[in-house]
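For reference, the structure is listed below as structure tokens.
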Amino acid sequence: MKMIDLRSDTVTRPTSGMLEAIAKAKVGDDVYGDDPTVIAFEAKVAELFGKEAGLFTATGSIANQLGIRSLIKPGEELLADERAHVVRAELGAAAVLSGVTTRTFHSPKARLNPDSAIALAHPNAGPYLVSTVAIAVENTHNFGGGVVQNIEAIERLHHLAAPLGIKLHLDGARIWNAHVASSVPFARYGACFETVSVCFSKGLGAPIGSMLLSTRERIEDARIWRKRFGGGMRQVGLLAAAADYGLTHHLARLATDHAHARKIAEAISAVDSRLVDLESVETNIVGIELQSTRSNASDFAKKLGEAGVLSGALGSHYLRLVTHGDLTSSDIDEATEVITTSLRAVL
Ligand SMILES: *Cc1c(COP(=O)(O)O)cnc(C)c1O
């Protein structure tokens with residue numbers, strides 16, 4: 001049976017154009033600093049965000065963690081919102097790898113509230129309490145259903161944090177989607193954050209690859225830590241070529257992913273408006289809230305799977321659908337039919 005895979009935007013296969021770009025890439029040993037493709041790509045993405053330098057990494061998690069450890073010493077703290085990927089989905093890496101503790105603030109519907117983030121902060125706390133050194137912002141917000149953070153809220157957080165000596169980290173795994181949905185230039189985001197992580201392996205469709213962006217000094221230090229963590233890679237220009245192809249050819253295409261998600265969400269909302277928060281569907285993620293149904297998320301995901309649609313049960317009653325470049329509009333129509341029919345059966 002043909003499966004329509006809505007589990008994540010990481011499931012895409014490289015396109016033929018991307019495979020051609022990989023085959024043509026000029027490569028060298030990047031641990032020796034010899035790979036021209038990765039060097040050029042790091043400089044290109046850094047410039048896009050108005051940053052001095054970039055470091056290509058295997059995953060978004062290692063890019064986030066290199067950023068966090070560059071900002072925060074052992075025994076100091078990072079603040080993040082309670083559903084942040086760095087808090088929930090990186091398996092305690094900030095604590096395990098860098099001795100960094102974390103506290104979380106509440107973001108209504110995953111939308112950044114700069115004042116509540118700052119209210120929790122305690123910089124230079126002295127010898128008794130933990131000092132807040134950095135705050136992480138996720139854009140778009142994955143477990144918040146792909147919402148785009150308001151640029152004014154980000155700029156206000158930057159404005160409030162800077163005089164306190166608190167630095168900001170952007171988890172920009174899906175900053176591409178935020179940019180396409182909001183038209184905010186990458187450099188405007190970049191100006192607010194000391195460190196930025198981006199992923200090429202999500203909507204842009206690269207098989208592997210992320211990047212940390214920051215000052216030259218921080219990136220030089222992160223390069224050492226990347227190697228220490230076992231993340232130095234050799235002829236990695238093959239992957240940088242794929243990522244560069246994705247950035248060049250697939251960025252504009254994200255608007256189609258967003259339209260597809262919107263279409264699915266509106267059909268679900270027409271079944272029962274309690275099932276989906278339409279206001280939160282701004283990019284390529286649709287969160288289904290199953291509380292008002294007779295099913296939980298894992299049973300419902302199993303049922304969809306039997307009907308040919310793969311989804312992600314991320315909470316007891318929360319199911320996530322993610323659109324991406326390997327889906328055609330007829331895949332979306334088929335999936336919508338399966339999902340709405342299955343929802344009607346459990347209402
Ligand atoms: C996917 C993702 C990451 C990085 O995930 P990896 O699987 O480590 O590449 C980081 N942050 C967010 C918000 C993500 O969605």
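Residue numbers start at 1 in each chain; chains themselves are named A, B, ... in the order of the structure tokens; ligands are numbered from 1 in the order shown.
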Inset, instruction - Check the DSSP output for the backbone and give back, as a VMD selection string, the residues of stretch 7-248 of chain A in strand (DSSP E). - result: chain A and resid 53 to 57 77 to 81 101 to 105 132 to 138 167 to 172 195 to 199 210 to 214
Using N, CA and C atoms, can you export the residues from the last selection as an mmCIF file, in the first residue's frame?
```cif
data_model
loop_
_atom_site.group_PDB
_atom_site.id
_atom_site.type_symbol
_atom_site.label_atom_id
_atom_site.label_comp_id
_atom_site.auth_asym_id
_atom_site.auth_seq_id
_atom_site.Cartn_x
_atom_site.Cartn_y
_atom_site.Cartn_z
ATOM 1 N N ALA A 53 30.230 34.154 10.818
ATOM 2 C CA ALA A 53 30.719 32.824 10.437
ATOM 3 C C ALA A 53 29.667 31.753 10.686
ATOM 4 N N GLY A 54 29.862 30.613 10.023
ATOM 5 C CA GLY A 54 28.958 29.474 10.170
ATOM 6 C C GLY A 54 29.733 28.188 10.357
ATOM 7 N N LEU A 55 29.076 27.201 10.951
ATOM 8 C CA LEU A 55 29.687 25.883 11.150
ATOM 9 C C LEU A 55 28.674 24.826 10.751
ATOM 10 N N PHE A 56 29.009 24.075 9.705
ATOM 11 C CA PHE A 56 28.111 23.032 9.207
ATOM 12 C C PHE A 56 28.121 21.860 10.180
ATOM 13 N N THR A 57 26.944 21.357 10.531
ATOM 14 C CA THR A 57 26.863 20.248 11.493
ATOM 15 C C THR A 57 25.968 19.139 10.956
ATOM 16 N N GLU A 77 22.477 29.035 33.760
ATOM 17 C CA GLU A 77 21.228 28.522 33.185
ATOM 18 C C GLU A 77 20.793 29.176 31.883
ATOM 19 N N LEU A 78 20.028 28.324 31.158
ATOM 20 C CA LEU A 78 19.341 28.714 29.931
ATOM 21 C C LEU A 78 17.845 28.775 30.245
ATOM 22 N N LEU A 79 17.168 29.811 29.767
ATOM 23 C CA LEU A 79 15.709 29.836 29.836
ATOM 24 C C LEU A 79 15.158 29.530 28.444
ATOM 25 N N ALA A 80 14.078 28.758 28.435
ATOM 26 C CA ALA A 80 13.424 28.441 27.163
ATOM 27 C C ALA A 80 11.949 28.256 27.457
ATOM 28 N N ASP A 81 11.121 28.274 26.442
ATOM 29 C CA ASP A 81 9.699 28.072 26.731
ATOM 30 C C ASP A 81 9.456 26.594 26.992
ATOM 31 N N THR A 101 21.974 24.147 33.323
ATOM 32 C CA THR A 101 20.622 23.881 33.809
ATOM 33 C C THR A 101 19.628 24.751 33.044
ATOM 34 N N THR A 102 18.365 24.353 33.127
ATOM 35 C CA THR A 102 17.329 24.987 32.316
ATOM 36 C C THR A 102 16.114 25.292 33.174
ATOM 37 N N ARG A 103 15.522 26.457 32.991
ATOM 38 C CA ARG A 103 14.182 26.695 33.511
ATOM 39 C C ARG A 103 13.316 27.149 32.355
ATOM 40 N N THR A 104 12.006 26.917 32.501
ATOM 41 C CA THR A 104 11.115 27.200 31.373
ATOM 42 C C THR A 104 10.067 28.238 31.746
ATOM 43 N N PHE A 105 9.716 29.039 30.762
ATOM 44 C CA PHE A 105 8.636 30.015 30.914
ATOM 45 C C PHE A 105 7.476 29.597 30.031
ATOM 46 N N THR A 132 21.106 33.412 35.234
ATOM 47 C CA THR A 132 20.589 33.268 33.864
ATOM 48 C C THR A 132 21.569 33.943 32.900
ATOM 49 N N VAL A 133 21.971 33.201 31.876
ATOM 50 C CA VAL A 133 22.959 33.727 30.937
ATOM 51 C C VAL A 133 22.385 33.861 29.520
ATOM 52 N N ALA A 134 21.419 32.994 29.221
ATOM 53 C CA ALA A 134 20.891 33.020 27.852
ATOM 54 C C ALA A 134 19.432 32.578 27.823
ATOM 55 N N ILE A 135 18.748 33.019 26.774
ATOM 56 C CA ILE A 135 17.348 32.636 26.541
ATOM 57 C C ILE A 135 17.247 32.097 25.115
ATOM 58 N N ALA A 136 16.565 30.953 24.971
ATOM 59 C CA ALA A 136 16.380 30.366 23.643
ATOM 60 C C ALA A 136 14.979 30.677 23.123
ATOM 61 N N VAL A 137 14.906 30.963 21.833
ATOM 62 C CA VAL A 137 13.629 31.192 21.153
ATOM 63 C C VAL A 137 13.552 30.227 19.977
ATOM 64 N N GLU A 138 12.405 29.592 19.807
ATOM 65 C CA GLU A 138 12.229 28.642 18.698
ATOM 66 C C GLU A 138 11.297 29.238 17.647
ATOM 67 N N LYS A 167 22.188 36.830 26.642
ATOM 68 C CA LYS A 167 22.283 36.612 25.199
ATOM 69 C C LYS A 167 21.111 35.742 24.723
ATOM 70 N N LEU A 168 20.770 35.878 23.454
ATOM 71 C CA LEU A 168 19.674 35.086 22.894
ATOM 72 C C LEU A 168 20.193 34.063 21.900
ATOM 73 N N HIS A 169 19.609 32.862 21.971
ATOM 74 C CA HIS A 169 19.888 31.805 20.989
ATOM 75 C C HIS A 169 18.617 31.548 20.199
ATOM 76 N N LEU A 170 18.740 31.469 18.880
ATOM 77 C CA LEU A 170 17.596 31.126 18.029
ATOM 78 C C LEU A 170 17.693 29.668 17.607
ATOM 79 N N ASP A 171 16.690 28.865 17.989
ATOM 80 C CA ASP A 171 16.540 27.537 17.396
ATOM 81 C C ASP A 171 15.728 27.746 16.132
ATOM 82 N N GLY A 172 16.454 27.914 15.034
ATOM 83 C CA GLY A 172 15.819 28.225 13.757
ATOM 84 C C GLY A 172 15.760 27.038 12.822
ATOM 85 N N THR A 195 23.607 33.602 18.826
ATOM 86 C CA THR A 195 23.835 32.331 18.124
ATOM 87 C C THR A 195 22.533 31.906 17.453
ATOM 88 N N VAL A 196 22.670 31.311 16.274
ATOM 89 C CA VAL A 196 21.509 30.882 15.485
ATOM 90 C C VAL A 196 21.778 29.473 14.968
ATOM 91 N N SER A 197 20.804 28.570 15.111
ATOM 92 C CA SER A 197 20.926 27.270 14.442
ATOM 93 C C SER A 197 19.866 27.179 13.355
ATOM 94 N N VAL A 198 20.222 26.590 12.231
ATOM 95 C CA VAL A 198 19.265 26.361 11.143
ATOM 96 C C VAL A 198 19.421 24.923 10.653
ATOM 97 N N CYS A 199 18.327 24.352 10.132
ATOM 98 C CA CYS A 199 18.363 22.984 9.574
ATOM 99 C C CYS A 199 18.077 23.019 8.076
ATOM 100 N N SER A 210 22.827 20.792 9.119
ATOM 101 C CA SER A 210 22.361 21.958 9.853
ATOM 102 C C SER A 210 23.535 22.916 9.955
ATOM 103 N N MET A 211 23.313 24.081 10.582
ATOM 104 C CA MET A 211 24.430 25.016 10.723
ATOM 105 C C MET A 211 24.241 25.874 11.968
ATOM 106 N N LEU A 212 25.369 26.170 12.610
ATOM 107 C CA LEU A 212 25.387 27.163 13.684
ATOM 108 C C LEU A 212 26.010 28.433 13.124
ATOM 109 N N LEU A 213 25.398 29.574 13.441
ATOM 110 C CA LEU A 213 25.889 30.870 12.968
ATOM 111 C C LEU A 213 26.158 31.769 14.160
ATOM 112 N N SER A 214 27.262 32.499 14.119
ATOM 113 C CA SER A 214 27.565 33.412 15.224
ATOM 114 C C SER A 214 28.752 34.287 14.855
#
```
Using only C-alpha atoms and all ligand atoms, tabulate the residues of chain A lying at most 7 Å from any atom of ligand 1, each with its closest atom pair and that distance in Å to one decimal, by chain and increasing residue number, as CSV.
```
residue,atom,partner,partner_atom_place_in_ligand_line,distance
A:Thr59,CA,ligand 1,9 (O),3.8
A:Gly60,CA,ligand 1,4 (C),3.5
A:Ser61,CA,ligand 1,8 (O),3.6
A:Ile62,CA,ligand 1,8 (O),6.4
A:Asn64,CA,ligand 1,10 (C),6.9
A:Ala84,CA,ligand 1,13 (C),7.0
A:His85,CA,ligand 1,13 (C),4.9
A:Val86,CA,ligand 1,11 (N),6.6
A:Glu138,CA,ligand 1,13 (C),6.0
A:His141,CA,ligand 1,13 (C),6.0
A:Asn142,CA,ligand 1,13 (C),5.0
A:Asp171,CA,ligand 1,11 (N),5.6
A:Gly172,CA,ligand 1,13 (C),6.7
A:Ala173,CA,ligand 1,12 (C),4.8
A:Arg174,CA,ligand 1,15 (O),6.6
A:Cys199,CA,ligand 1,9 (O),6.5
A:Ser201,CA,ligand 1,9 (O),7.0
A:Lys202,CA,ligand 1,1 (C),6.9
A:Ser210,CA,ligand 1,9 (O),6.8
```
Output C-alpha atoms of each residue in that selection to a file, as a PDB file, in the first residue's frame.
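Now in out21.pdb:
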```
ATOM      1  CA  THR A  59      22.127  17.715  13.019  1.00  0.00           C
ATOM      2  CA  GLY A  60      20.152  20.622  14.377  1.00  0.00           C
ATOM      3  CA  SER A  61      20.574  19.234  17.872  1.00  0.00           C
ATOM      4  CA  ILE A  62      24.363  19.492  17.743  1.00  0.00           C
ATOM      5  CA  ASN A  64      21.788  24.029  19.146  1.00  0.00           C
ATOM      6  CA  ALA A  84      11.002  24.064  23.331  1.00  0.00           C
ATOM      7  CA  HIS A  85      12.854  21.445  21.290  1.00  0.00           C
ATOM      8  CA  VAL A  86      16.046  22.217  23.256  1.00  0.00           C
ATOM      9  CA  GLU A 138      12.229  28.642  18.698  1.00  0.00           C
ATOM     10  CA  HIS A 141       7.740  26.528  17.012  1.00  0.00           C
ATOM     11  CA  ASN A 142       7.644  22.793  16.394  1.00  0.00           C
ATOM     12  CA  ASP A 171      16.540  27.537  17.396  1.00  0.00           C
ATOM     13  CA  GLY A 172      15.819  28.225  13.757  1.00  0.00           C
ATOM     14  CA  ALA A 173      15.376  24.679  12.540  1.00  0.00           C
ATOM     15  CA  ARG A 174      12.365  25.994  10.582  1.00  0.00           C
ATOM     16  CA  CYS A 199      18.363  22.984   9.574  1.00  0.00           C
ATOM     17  CA  SER A 201      17.124  18.642   6.492  1.00  0.00           C
ATOM     18  CA  LYS A 202      13.564  19.819   7.133  1.00  0.00           C
ATOM     19  CA  SER A 210      22.361  21.958   9.853  1.00  0.00           C
TER      20      SER A 210
END
```
Counting only C-alpha atoms, give me one row per residue of stretch 222-275 of chain A with an atom at most 10 Å from an atom of stretch 27-49 of chain A, showing the shortest contact pair and its distance in Å to one decimal, sorted by chain then residue number, as JSON lines.
```
{"residue": "A:Arg223", "atom": "CA", "partner": "A:Val31", "partner_atom": "CA", "distance": 9.3}
{"residue": "A:Lys227", "atom": "CA", "partner": "A:Val31", "partner_atom": "CA", "distance": 8.2}
{"residue": "A:Gly231", "atom": "CA", "partner": "A:Val31", "partner_atom": "CA", "distance": 9.8}
{"residue": "A:Gly232", "atom": "CA", "partner": "A:Val31", "partner_atom": "CA", "distance": 6.0}
{"residue": "A:Met233", "atom": "CA", "partner": "A:Val31", "partner_atom": "CA", "distance": 6.3}
{"residue": "A:Arg234", "atom": "CA", "partner": "A:Asp29", "partner_atom": "CA", "distance": 4.5}
{"residue": "A:Gln235", "atom": "CA", "partner": "A:Asp29", "partner_atom": "CA", "distance": 5.1}
{"residue": "A:Val236", "atom": "CA", "partner": "A:Asp30", "partner_atom": "CA", "distance": 6.6}
{"residue": "A:Gly237", "atom": "CA", "partner": "A:Val38", "partner_atom": "CA", "distance": 4.8}
{"residue": "A:Leu238", "atom": "CA", "partner": "A:Val27", "partner_atom": "CA", "distance": 6.9}
{"residue": "A:Leu239", "atom": "CA", "partner": "A:Val38", "partner_atom": "CA", "distance": 8.2}
{"residue": "A:Ala240", "atom": "CA", "partner": "A:Val38", "partner_atom": "CA", "distance": 5.4}
{"residue": "A:Ala241", "atom": "CA", "partner": "A:Thr37", "partner_atom": "CA", "distance": 6.6}
{"residue": "A:Ala243", "atom": "CA", "partner": "A:Phe41", "partner_atom": "CA", "distance": 8.6}
{"residue": "A:Asp244", "atom": "CA", "partner": "A:Phe41", "partner_atom": "CA", "distance": 6.7}
{"residue": "A:Leu247", "atom": "CA", "partner": "A:Val45", "partner_atom": "CA", "distance": 9.3}
```
Store the residues picked out above, limited to N, CA, C and O atoms, as a PDB file, in the first residue's frame.
```
ATOM      1  N   ARG A 223      33.917  24.995  16.578  1.00  0.00           N
ATOM      2  CA  ARG A 223      34.570  24.028  15.687  1.00  0.00           C
ATOM      3  C   ARG A 223      35.393  23.024  16.508  1.00  0.00           C
ATOM      4  O   ARG A 223      35.412  21.822  16.218  1.00  0.00           O
ATOM      5  N   LYS A 227      34.406  18.867  17.007  1.00  0.00           N
ATOM      6  CA  LYS A 227      35.362  17.765  16.854  1.00  0.00           C
ATOM      7  C   LYS A 227      35.426  16.932  18.144  1.00  0.00           C
ATOM      8  O   LYS A 227      35.456  15.698  18.113  1.00  0.00           O
ATOM      9  N   GLY A 231      31.959  15.217  16.034  1.00  0.00           N
ATOM     10  CA  GLY A 231      31.160  15.709  14.906  1.00  0.00           C
ATOM     11  C   GLY A 231      31.962  16.358  13.798  1.00  0.00           C
ATOM     12  O   GLY A 231      31.387  17.022  12.922  1.00  0.00           O
ATOM     13  N   GLY A 232      33.300  16.180  13.784  1.00  0.00           N
ATOM     14  CA  GLY A 232      34.096  16.672  12.652  1.00  0.00           C
ATOM     15  C   GLY A 232      33.854  15.744  11.469  1.00  0.00           C
ATOM     16  O   GLY A 232      33.895  14.530  11.637  1.00  0.00           O
ATOM     17  N   MET A 233      33.613  16.300  10.305  1.00  0.00           N
ATOM     18  CA  MET A 233      33.276  15.461   9.151  1.00  0.00           C
ATOM     19  C   MET A 233      34.271  15.728   8.022  1.00  0.00           C
ATOM     20  O   MET A 233      34.773  16.830   7.883  1.00  0.00           O
ATOM     21  N   ARG A 234      34.524  14.756   7.227  1.00  0.00           N
ATOM     22  CA  ARG A 234      35.585  14.846   6.215  1.00  0.00           C
ATOM     23  C   ARG A 234      35.080  15.477   4.907  1.00  0.00           C
ATOM     24  O   ARG A 234      34.940  16.671   4.827  1.00  0.00           O
ATOM     25  N   GLN A 235      34.746  14.687   3.870  1.00  0.00           N
ATOM     26  CA  GLN A 235      34.352  15.302   2.575  1.00  0.00           C
ATOM     27  C   GLN A 235      32.879  15.732   2.648  1.00  0.00           C
ATOM     28  O   GLN A 235      32.025  15.305   1.861  1.00  0.00           O
ATOM     29  N   VAL A 236      32.602  16.616   3.585  1.00  0.00           N
ATOM     30  CA  VAL A 236      31.213  16.962   3.905  1.00  0.00           C
ATOM     31  C   VAL A 236      30.614  17.954   2.902  1.00  0.00           C
ATOM     32  O   VAL A 236      29.423  18.250   2.943  1.00  0.00           O
ATOM     33  N   GLY A 237      31.438  18.406   1.946  1.00  0.00           N
ATOM     34  CA  GLY A 237      30.919  19.224   0.848  1.00  0.00           C
ATOM     35  C   GLY A 237      29.804  18.519   0.086  1.00  0.00           C
ATOM     36  O   GLY A 237      28.951  19.177  -0.514  1.00  0.00           O
ATOM     37  N   LEU A 238      29.805  17.180   0.107  1.00  0.00           N
ATOM     38  CA  LEU A 238      28.699  16.437  -0.524  1.00  0.00           C
ATOM     39  C   LEU A 238      27.366  16.850   0.105  1.00  0.00           C
ATOM     40  O   LEU A 238      26.366  17.035  -0.594  1.00  0.00           O
ATOM     41  N   LEU A 239      27.384  16.988   1.429  1.00  0.00           N
ATOM     42  CA  LEU A 239      26.149  17.360   2.137  1.00  0.00           C
ATOM     43  C   LEU A 239      25.876  18.856   2.026  1.00  0.00           C
ATOM     44  O   LEU A 239      24.724  19.277   1.915  1.00  0.00           O
ATOM     45  N   ALA A 240      26.951  19.645   2.060  1.00  0.00           N
ATOM     46  CA  ALA A 240      26.762  21.097   1.925  1.00  0.00           C
ATOM     47  C   ALA A 240      26.200  21.419   0.537  1.00  0.00           C
ATOM     48  O   ALA A 240      25.375  22.325   0.393  1.00  0.00           O
ATOM     49  N   ALA A 241      26.622  20.671  -0.477  1.00  0.00           N
ATOM     50  CA  ALA A 241      26.098  20.897  -1.838  1.00  0.00           C
ATOM     51  C   ALA A 241      24.600  20.606  -1.878  1.00  0.00           C
ATOM     52  O   ALA A 241      23.829  21.338  -2.517  1.00  0.00           O
ATOM     53  N   ALA A 243      22.545  20.779   0.716  1.00  0.00           N
ATOM     54  CA  ALA A 243      21.882  21.817   1.511  1.00  0.00           C
ATOM     55  C   ALA A 243      21.794  23.119   0.714  1.00  0.00           C
ATOM     56  O   ALA A 243      20.763  23.802   0.721  1.00  0.00           O
ATOM     57  N   ASP A 244      22.866  23.458   0.008  1.00  0.00           N
ATOM     58  CA  ASP A 244      22.897  24.678  -0.800  1.00  0.00           C
ATOM     59  C   ASP A 244      21.850  24.588  -1.916  1.00  0.00           C
ATOM     60  O   ASP A 244      21.142  25.559  -2.204  1.00  0.00           O
ATOM     61  N   LEU A 247      18.494  25.217  -0.353  1.00  0.00           N
ATOM     62  CA  LEU A 247      18.293  26.640  -0.030  1.00  0.00           C
ATOM     63  C   LEU A 247      18.002  27.445  -1.303  1.00  0.00           C
ATOM     64  O   LEU A 247      17.144  28.325  -1.326  1.00  0.00           O
TER      65      LEU A 247
END
```
Closest atom pairs, stretch 140-226 of chain A residues within 10 Å of stretch 305-328 of chain A, only C-alpha atoms, as JSON lines:
```
{"residue": "A:Asn142", "atom": "CA", "partner": "A:Arg320", "partner_atom": "CA", "distance": 9.6}
{"residue": "A:Phe143", "atom": "CA", "partner": "A:Leu314", "partner_atom": "CA", "distance": 8.3}
{"residue": "A:Gly145", "atom": "CA", "partner": "A:Arg320", "partner_atom": "CA", "distance": 7.7}
{"residue": "A:Gly146", "atom": "CA", "partner": "A:Val322", "partner_atom": "CA", "distance": 9.1}
{"residue": "A:Lys202", "atom": "CA", "partner": "A:His324", "partner_atom": "CA", "distance": 8.1}
{"residue": "A:Gly203", "atom": "CA", "partner": "A:His324", "partner_atom": "CA", "distance": 5.9}
{"residue": "A:Leu204", "atom": "CA", "partner": "A:Gly325", "partner_atom": "CA", "distance": 8.0}
{"residue": "A:Gly205", "atom": "CA", "partner": "A:Gly325", "partner_atom": "CA", "distance": 7.0}
```
Inset, instruction - Do a neighbour search on stretch 333-340 of chain A at 9 Å with only C-alpha atoms, toss out local chain neighbours closer than 6 positions, and write the hits as number ranges by chain. - result: A: 4, 6, 260, 263-265, 267-268, 270-271, 304, 307-309
Inset, instruction - Identify which of the residues A:Ala95, A:Leu164, A:Ile68, A:Ile175 lies closest to A:Phe200, counting only C-alpha atoms when measuring atom-to-atom distances. - result: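 Closest candidate: A:Ile175.
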Inset, instruction - Find the spatial neighbours of A:Leu251, counting only C-alpha atoms, within a cut-off of 8 Å - ignore same-chain residues fewer than 2 positions away - and output them as a VMD selection string. - result: chain A and resid 176 180 203 to 204 246 to 249 253 to 254
Inset, instruction - With a distance cut-off of 10 Å and only C-alpha atoms, select the neighbouring residues of A:Asp221, excluding the residue or stretch itself and same-chain residues fewer than 6 positions from it, and output the selection as number ranges by chain. - result: A: 66, 69-70
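Atom CA of A:Thr140 lies 14.3 Å from atom CA of A:Ala261.
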Write out as a tab-separated table a residue-level contact list of stretch 90-140 of chain A versus stretch 276-280 of chain A with cut-off 10 Å: for each qualifying residue the closest pair of atoms and the distance in Å to one decimal, counting only C-alpha atoms, rows sorted by chain and residue number upward.
```
residue	atom	partner	partner_atom	distance
A:Lys109	CA	A:Ser280	CA	7.7
A:Ala110	CA	A:Ser280	CA	9.1
A:Arg111	CA	A:Ser280	CA	9.5
```
Expected file contents, prior selection, C-alpha atoms, as a PDB file, in the first residue's frame:
```pdb
ATOM      1  CA  LYS A 109      -0.002  28.789  22.332  1.00  0.00           C
ATOM      2  CA  ALA A 110       3.807  28.671  21.973  1.00  0.00           C
ATOM      3  CA  ARG A 111       3.965  32.373  21.086  1.00  0.00           C
TER       4      ARG A 111
END
```
Inset, instruction - Check stretch 59-250 of chain A with DSSP on the backbone and list each residue it calls alpha helix (DSSP H), as a PyMOL selection string. - result: chain A and resi 60-71+85-88+93-98+114-120+151-161+175-182+186-190+216-228+237-249
Can you spit out the residues from that selection as a tab-separated table (two decimals), in the first residue's frame, using C-alpha atoms?
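Result went into part_31.tsv, see below:
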```
chain	number	residue	atom	x	y	z
A	60	GLY	CA	20.15	20.62	14.38
A	61	SER	CA	20.57	19.23	17.87
A	62	ILE	CA	24.36	19.49	17.74
A	63	ALA	CA	24.09	23.01	16.26
A	64	ASN	CA	21.79	24.03	19.15
A	65	GLN	CA	24.03	22.39	21.70
A	66	LEU	CA	27.20	24.00	20.34
A	67	GLY	CA	25.44	27.36	20.51
A	68	ILE	CA	24.22	26.76	24.06
A	69	ARG	CA	27.63	25.65	25.31
A	70	SER	CA	29.27	28.62	23.65
A	71	LEU	CA	26.98	30.98	25.60
A	85	HIS	CA	12.85	21.44	21.29
A	86	VAL	CA	16.05	22.22	23.26
A	87	VAL	CA	14.18	21.31	26.46
A	88	ARG	CA	11.99	18.40	25.33
A	93	ALA	CA	21.97	17.38	26.12
A	94	ALA	CA	22.58	20.84	27.66
A	95	ALA	CA	22.85	19.19	31.09
A	96	VAL	CA	24.67	16.05	29.98
A	97	LEU	CA	27.20	17.64	27.60
A	98	SER	CA	27.64	21.13	29.04
A	114	PRO	CA	9.13	38.53	26.03
A	115	ASP	CA	8.00	39.95	29.37
A	116	SER	CA	7.35	36.55	30.95
A	117	ALA	CA	10.73	35.32	29.71
A	118	ILE	CA	12.46	38.32	31.27
A	119	ALA	CA	10.39	38.02	34.47
A	120	LEU	CA	11.91	34.57	35.03
A	151	ILE	CA	9.34	39.77	15.05
A	152	GLU	CA	8.31	42.64	17.35
A	153	ALA	CA	8.16	40.20	20.30
A	154	ILE	CA	11.64	38.92	19.41
A	155	GLU	CA	12.99	42.46	19.09
A	156	ARG	CA	11.44	43.41	22.41
A	157	LEU	CA	13.05	40.40	24.09
A	158	HIS	CA	16.39	41.44	22.60
A	159	HIS	CA	15.83	45.02	23.79
A	160	LEU	CA	15.05	43.84	27.35
A	161	ALA	CA	17.75	41.14	27.55
A	175	ILE	CA	13.35	29.67	10.28
A	176	TRP	CA	12.91	29.15	6.51
A	177	ASN	CA	9.20	28.55	7.06
A	178	ALA	CA	8.99	31.59	9.37
A	179	HIS	CA	10.63	33.76	6.70
A	180	VAL	CA	8.35	32.54	3.91
A	181	ALA	CA	5.22	32.98	6.05
A	182	SER	CA	6.14	36.41	7.46
A	186	PHE	CA	16.82	36.59	7.71
A	187	ALA	CA	19.18	39.39	8.78
A	188	ARG	CA	16.44	41.00	10.90
A	189	TYR	CA	16.18	37.73	12.84
A	190	GLY	CA	19.97	37.41	12.90
A	216	ARG	CA	33.95	34.34	14.16
A	217	GLU	CA	35.30	33.78	17.67
A	218	ARG	CA	32.37	31.68	18.86
A	219	ILE	CA	32.37	29.63	15.65
A	220	GLU	CA	36.11	28.90	15.99
A	221	ASP	CA	35.46	27.63	19.51
A	222	ALA	CA	32.40	25.65	18.37
A	223	ARG	CA	34.57	24.03	15.69
A	224	ILE	CA	36.81	22.64	18.43
A	225	TRP	CA	33.83	21.38	20.43
A	226	ARG	CA	32.20	19.87	17.35
A	227	LYS	CA	35.36	17.77	16.85
A	228	ARG	CA	35.50	16.94	20.57
A	237	GLY	CA	30.92	19.22	0.85
A	238	LEU	CA	28.70	16.44	-0.52
A	239	LEU	CA	26.15	17.36	2.14
A	240	ALA	CA	26.76	21.10	1.92
A	241	ALA	CA	26.10	20.90	-1.84
A	242	ALA	CA	22.75	19.21	-1.13
A	243	ALA	CA	21.88	21.82	1.51
A	244	ASP	CA	22.90	24.68	-0.80
A	245	TYR	CA	20.73	23.19	-3.55
A	246	GLY	CA	17.80	23.03	-1.11
A	247	LEU	CA	18.29	26.64	-0.03
A	248	THR	CA	18.54	27.85	-3.63
A	249	HIS	CA	15.74	25.78	-5.17
```
